[in-house]
4 protein chains.
Amino acid sequence: MQQCTTKFTMKSNTEEFQWSETRVRVRYAETDQAGMVYHSNYLIWFEIGRVELCRDHGFNYRDMEIEADAYLPVTEARLRYRIPAKYDDVIVIRTRAADIRSRAITFLYEVRREADATLLAEGETQHIVMNRAGRARSFPTEYAEKLKARVAANQ
Amino acid sequence: MQQCTTKFTMKSNTEEFQWSETRVRVRYAETDQAGMVYHSNYLIWFEIGRVELCRDHGFNYRDMEIEADAYLPVTEARLRYRIPAKYDDVIVIRTRAADIRSRAITFLYEVRREADATLLAEGETQHIVMNRAGRARSFPTEYAEKLKARVAANQ
Amino acid sequence: MQQCTTKFTMKSNTEEFQWSETRVRVRYAETDQAGMVYHSNYLIWFEIGRVELCRDHGFNYRDMEIEADAYLPVTEARLRYRIPAKYDDVIVIRTRAADIRSRAITFLYEVRREADATLLAEGETQHIVMNRAGRARSFPTEYAEKLKARVAANQ
Amino acid sequence: MQQCTTKFTMKSNTEEFQWSETRVRVRYAETDQAGMVYHSNYLIWFEIGRVELCRDHGFNYRDMEIEADAYLPVTEARLRYRIPAKYDDVIVIRTRAADIRSRAITFLYEVRREADATLLAEGETQHIVMNRAGRARSFPTEYAEKLKARVAANQ
């Protein structure tokens with residue numbers, strides 16, 4: 001039988017990639033009858049987070065798909081839900097790269113309530129690099145370099 | 001910094017809860033411009049899987065919320081995406097309980113393409129038991145007992 | 001200023017296309033904090049309805065896209081919401097073609113609660129025929145003929 | 001048989017409610033395999049539009065639900081899709097009230113691409129006022145008055 005173990009350990013990392021931040025407001029459509037944000041929406045917020053991280057580092061994820069035929073399908077996702085987000089809350093999505101390899105990348109996320117910075121959820125997504133036809137390929141160098149570069153501090 | 005490690009280990013378990021199966025057909029609305037099912041939809045399929053597992057064991061999740069004021073919010077979710085599901089595919093969602101405690105429960109999932117039984121994705125969700133007001137509570141005994149009971153083989 | 005007027009008039013039509021029916025069960029993800037199905041989901045149910053109508057008439061909408069490079073983007077949609085659908089309800093989606101032209105098609109829908117056949121919502125979608133590149137084109141003859149054909153009664 | 005007729009007529013209205021504007025960026029999750037925004041998402045954008053219109057007029061829709069037990073369920077929706085929205089586009093949602101009655105309200109919408117102001121879609125939603133229990137009620141006076149008031153020009 002399958003068993004999964006997730007360890008959220010604090011790890012010191014001398015080479016740390018920068019956090020990017022972006023904000024969204026919770027939509028009525030994202031709530032469910034329990035009166036909170038339905039849990040699958042956090043994966044969409046993670047998507048927004050990594051797209052904005054790319055934008056902070058100088059490129060559109062959309063253009064990487066079109067111009068470089070490079071897609072970043074998700075291979076693994078882990079989420080820990082701590083405190084529910086609610087309708088009309090402003091949510092801060094914090095994202096950073098954790099591991100950029102030639103053929104794979106990992107992003108880490110924090111989801112916080114803007115009003116009081118409360119940590120609502122956190123998680124991680126792992127991606128491989130593929131072309132439109134579905135074949136694994138390497139991360140286009142120009143985009144990988146942009147992700148690794150340090151940028152001016154952002155909010 | 002945070003780091004997550006997921007181990008998908010094969011574990012022999014003498015006390016195994018039964019798998020339930022249910023089917024859904026991929027909706028156009030579930031696809032994205034990469035030509036595959038957008039990854040957050042698999043969490044919705046997991047939801048369908050555990051709701052049908054409850055139904056196979058003799059109760060509606062809906063009624064547990066209404067009658068017993070017991071909700072099962074997700075506290076952790078892990079997903080591994082192996083092969084993309086495509087539009088109009090018939091998907092088999094296999095679900096089983098992995099750990100039923102007095103105040104928490106874990107479900108395991110497999111998502112397979114019905115046509116050839118290919119494993120598309122797998123995962124796990126962990127839940128606590130809460131009432132509508134958001135207070136942790138114990139799993140209502142009658143429902144826990146139903147989940148633990150062995151039922152007639154299902155498809 | 002723009003003003004829209006919708007008239008739901010009963011009209012006798014000697015050449016009537018057949019209704020198709022299909023069923024879905026309401027997902028928790030489709031509910032909102034008002035305790036009912038969020039209204040945009042009915043457009044997804046309409047999508048399911050017309051896809052199943054195509055299947056009843058002998059073809060997959062998916063194959064029409066792939067093999068004939070014919071897409072049916074929605075140009076207009078109208079919905080009337082009468083009684084809310086609720087979590088875990090089984091919903092009957094009734095669909096029929098109302099107007100099949102060389103370059104456009106209209107579908108009509110009813111959404112009913114299966115338990116007591118209550119009409120929950122109704123609507124209409126209008127579509128043009130386009131190829132993948134976005135150019136208007138005619139409805140592929142083979143598929144149009146299948147839609148117009150009368151088929152064995154279905155549930 | 002049912003037949004719907006929608007007339008988009010230009011109508012001069014001496015008492016015009018103000019347009020509000022808000023912006024969203026298209027999410028990958030909102031696209032479909034045809035390479036455009038899946039049509040049901042426009043109803044979610046309309047929701048965002050009317051919520052921001054309320055905010056421009058001095059109140060949160062959320063607070064009206066909680067404090068005044070007044071909900072605005074959709075009774076009718078009409079959408080005309082002209083040009084598809086694409087991934088990563090910035091979308092301007094323009095919303096205005098068209099008819100504010102004691103027990104019902106109508107909103108009109110335009111969805112434009114911010115880059116060049118192209119009109120992508122337009123529509124209308126009609127709402128009644130209900131309490132949480134599902135009983136029709138009147139629009140809370142304080143909120144209706146705020147909606148009718150003219151506010152400082154907004155973008």
# chains A, B, ... in the order shown; residues from 1 in each chain; ligands from 1
$ closest_atom_pairs --of "chain B" --to "chain C" --cutoff "9 Å" --atoms "only C-alpha atoms" --output "JSON lines"
{"residue": "B:Arg27", "atom": "CA", "partner": "C:Ile48", "partner_atom": "CA", "distance": 6.9}
{"residue": "B:Tyr28", "atom": "CA", "partner": "C:Glu47", "partner_atom": "CA", "distance": 7.6}
{"residue": "B:Ala29", "atom": "CA", "partner": "C:Ile44", "partner_atom": "CA", "distance": 6.5}
{"residue": "B:Ile44", "atom": "CA", "partner": "C:Ala29", "partner_atom": "CA", "distance": 6.5}
{"residue": "B:Glu47", "atom": "CA", "partner": "C:Tyr28", "partner_atom": "CA", "distance": 7.6}
{"residue": "B:Ile48", "atom": "CA", "partner": "C:Arg27", "partner_atom": "CA", "distance": 6.9}
{"residue": "B:Asn60", "atom": "CA", "partner": "C:Asp88", "partner_atom": "CA", "distance": 8.2}
{"residue": "B:Tyr61", "atom": "CA", "partner": "C:Asp88", "partner_atom": "CA", "distance": 8.6}
{"residue": "B:Arg62", "atom": "CA", "partner": "C:Asp88", "partner_atom": "CA", "distance": 6.8}
{"residue": "B:Tyr87", "atom": "CA", "partner": "C:Arg62", "partner_atom": "CA", "distance": 7.2}
{"residue": "B:Asp88", "atom": "CA", "partner": "C:Arg62", "partner_atom": "CA", "distance": 6.8}
$ residues_around --residues "Gln18 in chain D" --least-positions-apart "2" --cutoff "8 Å" --atoms "only C-alpha atoms" --output "list in words"
Glu16, Ser20, Arg96, Ala97 and Arg150 of chain D
$ closest_residue --among "A:Ala85, A:Arg80, A:Thr141, A:Leu72" --to "Gly35 in chain A" --atoms "only C-alpha atoms"
A:Ala85
$ residues_around --residues "Ala98 in chain D" --least-positions-apart "6" --cutoff "9 Å" --atoms "only C-alpha atoms" --output "VMD selection string"
(chain C and resid 3) or (chain D and resid 16 to 17 105 to 108)
$ write_last_selection --atoms "N, CA and C atoms" --output "compact mmCIF listing (two decimals), in the first residue's frame"
# COMPACT_ATOMS: atom_id res chain seq x y z
N GLN C 3 -29.58 47.59 -23.48
CA GLN C 3 -30.66 46.97 -22.73
C GLN C 3 -30.95 45.62 -23.36
N GLU D 16 -28.75 57.79 -15.48
CA GLU D 16 -27.79 56.72 -15.72
C GLU D 16 -26.95 56.47 -14.49
N PHE D 17 -26.84 55.22 -14.13
CA PHE D 17 -25.96 54.86 -13.04
C PHE D 17 -24.53 54.81 -13.56
N ILE D 105 -32.63 43.76 -8.73
CA ILE D 105 -31.64 44.67 -9.29
C ILE D 105 -31.03 44.05 -10.54
N THR D 106 -30.71 44.88 -11.49
CA THR D 106 -30.07 44.44 -12.72
C THR D 106 -28.73 45.14 -12.86
N PHE D 107 -27.72 44.39 -13.26
CA PHE D 107 -26.40 44.94 -13.54
C PHE D 107 -26.05 44.69 -15.01
N LEU D 108 -25.36 45.64 -15.61
CA LEU D 108 -24.84 45.48 -16.97
C LEU D 108 -23.32 45.44 -16.91
$ residues_around --residues "range 125-134 of chain D" --least-positions-apart "3" --cutoff "8 Å" --atoms "only C-alpha atoms" --output "count of residues only"
20
$ atom_distance --atom1 "CA of Ile91 in chain D" --atom2 "CA of Glu122 in chain D"
12.5 Å
